[in-house]
file data_7.txt (compact mmCIF, C-alpha atoms)
# COMPACT_ATOMS: atom_id res chain seq x y z
CA MET E 1 19.33 34.25 11.55
CA GLY E 2 20.38 33.25 15.04
CA ASP E 3 21.23 36.70 16.37
CA ASP E 4 18.27 38.56 14.86
CA PRO E 5 15.66 39.74 17.35
CA VAL E 6 12.78 37.30 17.49
CA GLY E 7 10.00 38.08 14.97
CA LEU E 8 6.24 37.85 15.31
CA LEU E 9 6.05 34.74 13.10
CA ASP E 10 8.61 32.95 15.26
CA VAL E 11 6.73 33.85 18.45
CA LEU E 12 3.43 32.60 17.03
CA LEU E 13 4.98 29.41 15.66
CA GLY E 14 6.75 28.67 18.95
CA LEU E 15 3.58 29.26 20.98
CA ALA E 16 1.56 27.07 18.58
CA VAL E 17 4.09 24.24 18.94
CA VAL E 18 4.02 24.44 22.75
CA ALA E 19 0.20 24.60 22.74
CA GLY E 20 0.01 21.60 20.38
CA ALA E 21 2.36 19.61 22.60
CA ALA E 22 0.40 20.55 25.74
CA THR E 23 -2.88 19.47 24.09
CA ALA E 24 -1.40 16.17 22.90
CA LEU E 25 0.03 15.43 26.34
CA THR E 26 -3.03 16.30 28.40
CA ALA E 27 -5.88 15.02 26.20
CA ARG E 28 -8.34 12.83 28.09
CA ARG E 29 -8.95 10.36 25.30
CA ARG E 30 -6.44 8.46 23.25
CA MET E 31 -7.85 9.63 19.92
CA GLY E 32 -7.66 13.28 21.05
CA ALA E 33 -4.04 12.83 22.09
CA VAL E 34 -3.11 11.18 18.79
CA VAL E 35 -4.84 13.79 16.62
CA SER E 36 -3.19 16.64 18.58
CA PHE E 37 0.14 14.88 18.17
CA LEU E 38 -0.42 14.77 14.39
CA VAL E 39 -1.22 18.50 14.39
CA LEU E 40 1.99 19.05 16.36
CA GLY E 41 3.90 17.14 13.66
CA VAL E 42 2.55 19.45 10.95
CA LEU E 43 3.46 22.53 13.04
CA LEU E 44 6.95 21.11 13.56
CA ALA E 45 7.36 20.56 9.81
CA VAL E 46 6.53 24.27 9.29
CA LEU E 47 8.97 25.17 12.08
CA TRP E 48 11.79 23.12 10.52
CA SER E 49 11.38 24.86 7.17
CA ARG E 50 11.24 28.23 8.98
CA LEU E 51 14.62 27.34 10.57
CA GLY E 52 16.16 26.60 7.16
CA ALA E 53 15.99 22.80 7.44
CA PRO E 54 13.92 21.61 4.44
CA ASP E 55 15.36 18.07 4.67
CA VAL E 56 14.20 17.80 8.25
CA ALA E 57 10.80 19.27 7.32
CA LEU E 58 10.39 16.63 4.58
CA ALA E 59 11.39 13.84 6.96
CA GLU E 60 9.08 15.17 9.68
CA ALA E 61 6.14 15.31 7.26
CA ALA E 62 6.82 11.89 5.72
CA ILE E 63 8.17 9.88 8.67
CA GLY E 64 7.49 11.81 11.88
CA THR E 65 3.89 12.62 10.97
CA GLY E 66 3.02 10.32 8.07
CA VAL E 67 4.26 6.90 9.16
CA THR E 68 4.16 7.58 12.93
CA GLY E 69 0.64 8.97 12.47
CA ALA E 70 -0.46 5.83 10.64
CA LEU E 71 0.99 3.71 13.45
CA PHE E 72 -0.70 5.72 16.22
CA VAL E 73 -4.08 5.95 14.48
CA ASP E 74 -4.01 2.21 13.78
CA ALA E 75 -3.11 1.50 17.41
CA VAL E 76 -5.98 3.66 18.68
CA THR E 77 -8.71 2.66 16.23
CA ARG E 78 -8.07 -1.08 16.37
CA GLY E 79 -7.13 -1.25 20.05
CA PRO E 80 -9.34 -0.74 23.08
CA PRO E 81 -10.48 2.88 23.65
CA ALA E 82 -8.38 3.20 26.82
CA ALA E 83 -5.90 1.00 28.58
CA ARG E 84 -8.33 0.41 31.45
CA PRO E 85 -11.30 2.26 32.89
CA PRO E 86 -10.18 5.30 34.89
CA GLY E 87 -11.69 4.05 38.15
CA ALA E 88 -10.01 0.67 38.03
CA VAL E 89 -6.48 1.78 38.87
CA PRO E 90 -5.32 -0.26 41.85
CA GLY E 91 -4.36 1.84 44.85
CA ALA E 92 -5.85 5.09 43.51
CA VAL E 93 -6.50 7.64 46.26
CA PRO E 94 -9.45 10.08 45.82
CA GLY E 95 -8.14 13.57 45.04
CA ALA E 96 -4.71 12.25 44.12
CA GLY E 97 -5.33 13.12 40.47
CA ALA E 98 -5.72 16.84 41.16
CA ARG E 99 -2.69 16.93 43.45
CA ALA E 100 -0.61 15.04 40.88
CA GLY E 101 -1.81 17.51 38.23
CA VAL E 102 -0.69 20.55 40.24
CA SER E 103 2.66 19.06 41.23
CA GLY E 104 3.17 17.79 37.68
CA ALA E 105 2.54 21.25 36.23
CA LEU E 106 4.94 22.73 38.78
CA ALA E 107 7.59 20.15 37.92
CA ALA E 108 7.14 20.85 34.18
CA VAL E 109 7.56 24.62 34.72
CA LEU E 110 10.66 24.13 36.89
CA LEU E 111 12.22 21.61 34.52
CA GLY E 112 11.47 23.81 31.49
CA ALA E 113 12.84 26.92 33.22
CA GLY E 114 15.99 25.10 34.27
CA LEU E 115 16.60 23.63 30.82
CA GLY E 116 15.80 26.93 29.09
CA THR E 117 18.25 28.86 31.29
CA ALA E 118 20.91 26.22 30.65
CA PHE E 119 20.34 26.17 26.87
CA ALA E 120 20.28 29.96 26.54
CA GLY E 121 23.39 30.30 28.71
CA ALA E 122 25.27 27.65 26.75
CA ALA E 123 24.27 29.19 23.40
CA GLY E 124 25.36 32.64 24.58
CA ALA E 125 28.72 31.26 25.69
CA GLY E 126 29.30 29.44 22.39
CA ALA E 127 32.75 30.52 21.22
CA ALA E 128 32.66 29.20 17.66
CA PRO E 129 29.17 29.52 16.16
CA GLY E 130 30.53 28.28 12.85
CA GLY E 131 29.94 24.65 13.81
CA LEU E 132 30.99 22.14 11.17
CA THR E 133 29.43 24.05 8.24
CA GLY E 134 32.79 25.27 6.94
CA GLN E 135 34.41 21.85 7.10
CA VAL E 136 31.56 20.21 5.18
CA LEU E 137 31.31 22.93 2.52
CA GLY E 138 35.08 22.84 2.06
CA ARG E 139 34.98 19.14 1.15
CA MET E 140 31.96 19.20 -1.15
CA ASP E 141 34.17 18.68 -4.24
CA VAL E 142 34.98 15.11 -3.15
CA ALA E 143 31.51 14.28 -1.76
CA GLY E 144 30.01 12.83 -4.95
CA VAL E 145 26.69 14.66 -4.38
CA GLU E 146 25.93 18.37 -4.41
CA HIS E 147 23.59 18.55 -1.44
CA PRO E 148 25.54 19.00 1.83
CA VAL E 149 23.09 17.03 4.03
CA SER E 150 23.16 14.04 1.64
CA ALA E 151 26.96 14.28 1.56
CA VAL E 152 27.09 14.11 5.37
CA LEU E 153 24.58 11.25 5.54
CA LEU E 154 26.09 8.99 2.88
CA ASN E 155 29.72 9.98 2.69
CA PHE E 156 31.26 12.04 5.50
CA ARG E 157 29.35 10.41 8.35
CA SER E 158 27.94 7.32 6.64
CA TYR E 159 28.76 5.18 9.69
CA ASP E 160 25.89 6.94 11.54
CA THR E 161 23.55 6.17 8.66
CA LEU E 162 24.65 2.54 8.48
CA LEU E 163 23.90 2.06 12.17
CA GLU E 164 20.60 3.95 11.81
CA VAL E 165 19.52 1.46 9.14
CA VAL E 166 20.57 -1.35 11.46
CA VAL E 167 18.36 0.14 14.23
CA LEU E 168 15.42 0.10 11.82
CA PHE E 169 16.27 -3.50 10.95
CA VAL E 170 16.37 -4.48 14.64
CA ALA E 171 12.96 -2.83 15.09
CA VAL E 172 11.55 -4.99 12.27
CA LEU E 173 13.07 -8.12 13.84
CA SER E 174 11.56 -7.19 17.23
CA VAL E 175 8.04 -6.60 15.93
CA THR E 176 8.03 -9.73 13.77
CA ALA E 177 9.29 -11.72 16.78
CA THR E 178 6.08 -10.79 18.64
CA LEU E 179 4.11 -12.51 15.88
CA GLY E 180 5.37 -15.89 17.04
CA GLU E 181 5.15 -18.67 14.49
CA GLU E 182 3.54 -17.99 11.16
CA ARG E 183 -0.14 -17.71 11.78
CA PRO E 184 -2.66 -17.88 9.00
CA ARG E 185 -3.83 -14.41 8.22
CA HIS E 186 -7.53 -13.98 7.98
CA PRO E 187 -8.62 -13.17 4.47
CA ALA E 188 -9.31 -9.48 4.22
CA PRO E 189 -13.01 -8.66 4.32
CA ALA E 190 -14.21 -8.58 0.76
CA ALA E 191 -16.35 -5.47 1.11
CA ARG E 192 -13.92 -2.61 0.61
CA ALA E 193 -15.42 0.67 -0.47
CA ALA E 194 -15.05 0.84 -4.24
CA THR E 195 -13.95 4.48 -3.98
CA LEU E 196 -11.07 3.52 -1.66
CA VAL E 197 -9.87 0.72 -3.93
CA TRP E 198 -10.10 2.95 -7.00
CA PHE E 199 -8.31 5.80 -5.19
CA CYS E 200 -5.48 3.49 -4.11
CA ARG E 201 -5.09 2.04 -7.59
CA VAL E 202 -4.69 5.58 -8.96
CA MET E 203 -2.55 6.93 -6.12
CA ALA E 204 -0.09 4.05 -5.63
CA PRO E 205 1.82 4.59 -8.92
CA VAL E 206 1.81 8.36 -8.32
CA LEU E 207 3.28 7.86 -4.83
CA VAL E 208 5.96 5.51 -6.17
CA LEU E 209 6.85 8.21 -8.70
CA VAL E 210 7.01 10.82 -5.90
CA ALA E 211 9.23 8.46 -3.88
CA ALA E 212 11.60 8.10 -6.84
CA TRP E 213 11.69 11.87 -7.37
CA VAL E 214 12.42 12.55 -3.69
CA LEU E 215 15.16 9.91 -3.82
CA PHE E 216 17.02 11.36 -6.80
CA ALA E 217 16.39 14.95 -5.75
CA GLY E 218 18.53 14.15 -2.69
CA SER E 219 21.73 14.40 -4.70
CA ASP E 220 21.49 18.15 -5.31
CA ARG E 221 18.60 19.45 -3.17
CA PRO E 222 16.58 18.41 -0.10
CA GLY E 223 15.42 14.79 -0.29
CA GLY E 224 17.03 11.40 -0.03
CA ALA E 225 16.66 7.77 0.92
CA PHE E 226 14.81 8.20 4.22
CA GLN E 227 12.17 10.60 2.95
CA SER E 228 11.76 8.49 -0.18
CA GLY E 229 11.44 5.29 1.85
CA ALA E 230 8.76 6.93 3.98
CA VAL E 231 6.75 7.92 0.90
CA LEU E 232 7.08 4.35 -0.37
CA ALA E 233 5.87 3.07 3.02
CA GLY E 234 2.95 5.49 2.78
CA ALA E 235 2.01 4.00 -0.61
CA LEU E 236 2.23 0.43 0.72
CA ILE E 237 0.23 1.26 3.89
CA LEU E 238 -2.44 2.98 1.78
CA MET E 239 -2.62 -0.10 -0.46
CA ASP E 240 -2.95 -2.31 2.61
CA THR E 241 -6.03 -0.38 3.77
CA ALA E 242 -7.61 -1.17 0.38
CA GLY E 243 -6.66 -4.85 0.60
CA LEU E 244 -4.09 -4.44 -2.19
CA GLY E 245 -1.00 -4.47 0.04
CA PRO E 246 1.58 -7.17 0.65
CA GLY E 247 -0.02 -10.50 1.62
CA PRO E 248 1.26 -13.74 3.15
CA ASP E 249 2.64 -15.01 -0.16
CA HIS E 250 4.86 -11.93 -0.48
CA GLY E 251 6.92 -12.92 2.57
CA ARG E 252 10.00 -13.96 0.61
CA LEU E 253 9.87 -10.80 -1.53
CA LEU E 254 9.57 -8.62 1.57
CA ARG E 255 12.53 -10.34 3.23
CA VAL E 256 14.70 -9.78 0.16
CA ALA E 257 13.63 -6.13 -0.01
CA LEU E 258 14.40 -5.68 3.69
CA VAL E 259 17.90 -7.11 3.48
CA VAL E 260 19.04 -5.65 0.16
CA GLY E 261 19.61 -2.06 1.41
CA PRO E 262 21.73 -2.81 4.49
CA ALA E 263 23.55 -5.55 2.51
CA ALA E 264 24.46 -3.16 -0.32
CA PHE E 265 25.61 -0.58 2.25
CA LEU E 266 27.87 -3.18 3.91
CA VAL E 267 29.29 -4.26 0.53
CA VAL E 268 30.15 -0.63 -0.32
CA ALA E 269 31.62 -0.16 3.16
CA ALA E 270 33.82 -3.23 2.76
CA GLY E 271 34.71 -2.13 -0.77
CA GLY E 272 36.12 1.06 0.74
CA LEU E 273 38.33 -1.09 2.96
CA VAL E 274 39.66 -2.97 -0.08
CA ALA E 275 40.03 -0.09 -2.54
CA GLU E 276 40.78 2.89 -0.28
CA GLY E 277 42.22 1.13 2.74
CA GLU E 278 39.53 2.53 4.99
CA TRP E 279 36.14 1.20 6.07
CA LEU E 280 33.31 3.19 4.37
CA ALA E 281 35.73 5.39 2.38
CA LEU E 282 34.51 6.35 -1.09
CA ASP E 283 36.73 7.17 -4.07
CA PRO E 284 35.58 10.66 -5.23
CA VAL E 285 35.42 9.37 -8.81
CA TRP E 286 32.91 6.64 -7.96
CA ALA E 287 31.25 8.32 -4.97
CA GLY E 288 28.29 9.82 -6.87
CA GLY E 289 27.24 6.57 -8.55
CA LEU E 290 27.79 4.46 -5.43
CA ILE E 291 25.80 6.87 -3.25
CA VAL E 292 22.83 6.87 -5.64
CA ALA E 293 22.94 3.05 -5.89
CA VAL E 294 23.09 2.59 -2.11
CA GLU E 295 20.38 5.20 -1.58
CA THR E 296 18.04 3.50 -4.05
CA LEU E 297 18.32 0.11 -2.34
CA LEU E 298 18.16 1.75 1.10
CA ALA E 299 14.95 3.58 0.18
CA LEU E 300 13.40 0.24 -0.80
CA SER E 301 14.50 -1.41 2.45
CA ILE E 302 13.40 1.55 4.59
CA GLY E 303 10.00 1.66 2.90
CA VAL E 304 9.45 -2.07 3.40
CA ALA E 305 10.76 -1.93 6.99
CA LEU E 306 8.31 0.84 7.97
CA THR E 307 5.48 -1.05 6.23
CA VAL E 308 6.31 -4.32 8.04
CA VAL E 309 6.19 -2.53 11.41
CA PHE E 310 2.76 -1.17 10.47
CA LEU E 311 1.51 -4.57 9.28
CA ALA E 312 2.81 -6.30 12.42
CA LEU E 313 0.73 -3.89 14.50
CA GLY E 314 -2.51 -5.12 12.91
CA ARG E 315 -1.74 -8.77 12.26
CA GLY E 316 -0.56 -10.36 15.45
CA ARG E 317 -3.48 -12.30 16.60
CA VAL E 318 -5.94 -14.46 14.80
CA SER E 319 -9.33 -13.20 15.89
CA PRO E 320 -11.79 -15.91 16.91
CA PRO E 321 -13.90 -17.11 13.97
CA MET O 322 15.67 38.02 22.92
CA SER O 323 17.29 36.55 19.83
CA THR O 324 15.57 34.03 17.57
CA LEU O 325 18.01 31.35 18.71
CA GLU O 326 17.22 31.97 22.39
CA TRP O 327 13.47 31.97 21.72
CA TYR O 328 13.56 28.57 20.02
CA LEU O 329 15.82 27.17 22.73
CA TRP O 330 13.17 28.23 25.26
CA VAL O 331 10.44 26.59 23.14
CA ALA O 332 12.55 23.41 23.09
CA ALA O 333 12.96 23.61 26.88
CA ALA O 334 9.19 23.97 27.28
CA LEU O 335 8.58 20.89 25.08
CA LEU O 336 11.15 18.88 27.02
CA GLY O 337 9.81 19.96 30.41
CA LEU O 338 6.18 19.18 29.55
CA ALA O 339 6.98 15.88 27.86
CA CYS O 340 9.36 14.55 30.53
CA VAL O 341 6.83 15.21 33.29
CA ARG O 342 4.03 13.53 31.34
CA LEU O 343 6.36 10.64 30.54
CA LEU O 344 6.82 10.08 34.27
CA LEU O 345 3.24 10.74 35.41
CA ALA O 346 0.96 9.42 32.63
CA ARG O 347 -0.79 6.12 33.35
CA ASP O 348 -1.66 5.26 29.77
CA PRO O 349 1.38 3.73 28.00
CA LEU O 350 0.19 5.23 24.70
CA VAL O 351 0.39 8.73 26.22
CA ARG O 352 3.88 7.87 27.47
CA LEU O 353 4.89 6.97 23.89
CA ILE O 354 3.49 10.30 22.68
CA ALA O 355 5.38 12.05 25.50
CA ILE O 356 8.70 10.47 24.54
CA ASN O 357 8.04 11.52 20.92
CA VAL O 358 7.39 15.12 22.02
CA ALA O 359 10.52 15.08 24.18
CA GLY O 360 12.42 13.86 21.13
CA SER O 361 11.04 16.76 19.07
CA GLY O 362 12.22 19.13 21.81
CA SER O 363 15.79 17.86 21.62
CA LEU O 364 15.67 17.95 17.79
CA LEU O 365 14.55 21.59 18.05
CA VAL O 366 17.70 22.37 20.07
CA LEU O 367 19.82 20.88 17.28
CA VAL O 368 17.97 22.62 14.42
CA ALA O 369 18.02 25.98 16.26
CA LEU O 370 21.77 25.65 16.82
CA ALA O 371 22.27 24.62 13.17
CA ALA O 372 20.57 27.87 12.07
CA ARG O 373 23.34 29.99 13.64
CA THR O 374 25.32 29.86 10.39
CA ASP O 375 24.20 30.60 6.87
CA PRO O 376 23.85 28.07 5.24
CA PRO O 377 22.77 26.02 8.29
CA ASP O 378 25.05 23.30 9.68
CA PRO O 379 24.47 20.15 7.53
CA VAL O 380 25.98 17.82 10.17
CA LEU O 381 23.33 18.82 12.71
CA HIS O 382 20.59 18.42 10.09
CA ALA O 383 21.87 14.91 9.29
CA LEU O 384 21.84 14.10 13.03
CA VAL O 385 18.23 15.30 13.27
CA LEU O 386 17.23 13.12 10.30
CA THR O 387 18.82 10.15 12.04
CA GLY O 388 16.90 11.05 15.21
CA ILE O 389 13.57 11.12 13.36
CA VAL O 390 14.13 7.66 11.88
CA ILE O 391 15.23 6.19 15.25
CA THR O 392 12.10 7.74 16.81
CA VAL O 393 9.74 6.06 14.36
CA ALA O 394 11.59 2.75 14.89
CA PHE O 395 11.16 2.69 18.66
CA THR O 396 7.63 4.11 18.46
CA GLY O 397 6.65 1.23 16.17
CA VAL O 398 8.18 -1.36 18.51
CA GLY O 399 6.50 0.31 21.50
CA LEU O 400 3.07 0.33 19.85
CA VAL O 401 3.35 -3.33 18.78
CA LEU O 402 4.35 -4.37 22.31
CA LEU O 403 1.50 -2.27 23.73
CA ARG O 404 -0.97 -3.95 21.37
CA ARG O 405 0.25 -7.43 22.33
CA ALA O 406 0.02 -6.59 26.04
CA GLU O 407 -3.52 -5.28 25.66
CA GLU O 408 -4.58 -8.32 23.63
CA ALA O 409 -3.22 -10.55 26.37
CA ALA O 410 -5.03 -8.53 29.04
CA GLU O 411 -8.30 -8.56 27.10
CA ALA O 412 -8.55 -12.33 26.70
CA PRO O 413 -6.72 -14.06 29.55
CA GLY O 414 -6.40 -17.79 28.95
CA GLU O 415 -8.40 -17.60 25.75
CA ASP O 416 -5.50 -17.44 23.37
CA GLY O 417 -5.68 -20.90 21.87
CA ALA O 418 -3.97 -19.99 18.61
CA ALA O 419 -0.34 -20.22 19.60
CA GLY O 420 -0.45 -21.13 23.26
CA ASN O 421 1.88 -18.37 24.43
CA GLY O 422 0.49 -17.80 27.88
CA GLU O 423 1.71 -14.31 28.74
CA GLY O 424 -0.60 -12.93 31.37
CA PRO O 425 -1.62 -9.27 31.64

call {"tool": "encode", "arguments": {"input": "data_7.txt", "output": "structure tokens"}}
result
Amino acid sequence: MGDDPVGLLDVLLGLAVVAGAATALTARRRMGAVVSFLVLGVLLAVLWSRLGAPDVALAEAAIGTGVTGALFVDAVTRGPPAARPPGAVPGAVPGAGARAGVSGALAAVLLGAGLGTAFAGAAGAGAAPGGLTGQVLGRMDVAGVEHPVSAVLLNFRSYDTLLEVVVLFVAVLSVTATLGEERPRHPAPAARAATLVWFCRVMAPVLVLVAAWVLFAGSDRPGGAFQSGAVLAGALILMDTAGLGPGPDHGRLLRVALVVGPAAFLVVAAGGLVAEGEWLALDPVWAGGLIVAVETLLALSIGVALTVVFLALGRGRVSPP
Amino acid sequence: MSTLEWYLWVAAALLGLACVRLLLARDPLVRLIAINVAGSGSLLVLVALAARTDPPDPVLHALVLTGIVITVAFTGVGLVLLRRAEEAAEAPGEDGAAGNGEGP
């Protein structure tokens, strides 16, 4: 579709995305900025599917908008309404805001124009628009899965995915480090709305089922461990809002769930070194089963990791009695 | 203008807006949103380039998926640090629970 003249739908979608971003970036209040950012995430998910990237659309909806949205909304609703009152900025000069606004807008236009010219020029000069599509499709018979994106993620370029999981793991370590020593968590307030509790009890098993479906769909159609993990995190975060989520006595279970995915990935990687003579190499005969096994454990670890980041956001400090 | 060029221009607009806000915004939460929007702009470059072939380039799609997960990881860390900093600023010297005396 790259060389087709731009259609009306593409123009409208592009303008909506830019307008959503501009609203999110210039909103006066934190809540306004966060809600506009969530709208932008939904628009981006539509844009990704328009550009033929259903995997990316799923990930954007589940991770980029779902989990990130939960994090931002939690940060805004439980934190102070603004970092500090607008007048209290040290060294603020009257009228500086308007001047900064004008020069900022000018800088944004110049930067955007420069980048746009560079991108369009580079895309026009692209000699081989084939990219790596041909190479991937040519090796699908030894991939172990039928969906090209899953094959790239867990077989052809699994080193990227391994390190990506490690980044998520480091993020969990960082946020739990800010908690300091184990502090007693205040018992959740008993008065939860009965509707919320009932809704979560009904929805949690459904969401786990959806997560499992997304996980196994990844072998022959869009889906996979990351989208599935995000749905699982969504279920756990929803349960937490109803007081049904992981509590202090689940610490050991959470730690095991966090470690099991990366550990299984490392075992399979080392197994490749032993059996195939190459780190992360997969025998085509075993590749399918190994990929599904690693993906299942990864989805569990990713879901728990995203949930722990969310929980750490709300649980740092013991509020005064 | 081709569809590819149009979306590259949209990506450039997102990057331009977000980078400027990242540098100028006072509120750290807005800066986190700005770096997320800038990330979406660079992902849009990759997805638009992936759409040049039919079927689209799976390697670029896998890279974009990786980018989305890395984004949520650093956004989570950023928000937790922001929350801790604001808690410390709100109650200076009052934090008797653990005795970590980080000032605002």

call {"tool": "closest_residue", "arguments": {"input": "data_7.txt", "among": "O:Leu353, O:Ala410, O:Leu367, O:Val380", "to": "chain E", "atoms": "all atoms listed in the file"}}
result
O:Val380

call {"tool": "atom_distance", "arguments": {"input": "data_7.txt", "atom1": "CA of Asp55 in chain E", "atom2": "CA of Gly20 in chain E"}}
result
22.2 Å

call {"tool": "interface_residues", "arguments": {"input": "data_7.txt", "of": "chain E", "to": "chain O", "cutoff": "6 Å", "atoms": "all atoms listed in the file", "output": "list in words"}}
result
Gly2, Asp3, Asp4, Pro5, Val6, Gly14, Val56, Thr68, Ala108, Leu111, Gly112, Leu115, Gly116, Ala120, Gly130, Thr133, Pro148, Val149, Leu153, Leu168, Ala171, Val175 and Leu313 of chain E

call {"tool": "residues_around", "arguments": {"input": "data_7.txt", "residues": "range 57-60 of chain E", "least_positions_apart": "2", "cutoff": "7 Å", "atoms": "all atoms listed in the file", "output": "list in words"}}
result
Gly41, Ala45, Val46, Trp48, Ser49, Ala53, Pro54, Asp55, Ala62, Ile63, Gly64, Thr65 and Gln227 of chain E; Leu386 of chain O

call {"tool": "atom_distance", "arguments": {"input": "data_7.txt", "atom1": "CA of Thr195 in chain E", "atom2": "CA of Ala242 in chain E"}}
result
9.5 Å

call {"tool": "residues_around", "arguments": {"input": "data_7.txt", "residues": "range 213-215 of chain E", "least_positions_apart": "2", "cutoff": "6 Å", "atoms": "only C-alpha atoms", "output": "MDAnalysis selection string"}}
result
chainID E and resid 210:211 217:218 223:225 228

call {"tool": "atom_distance", "arguments": {"input": "data_7.txt", "atom1": "CA of Leu12 in chain E", "atom2": "CA of Leu40 in chain E"}}
result
13.6 Å
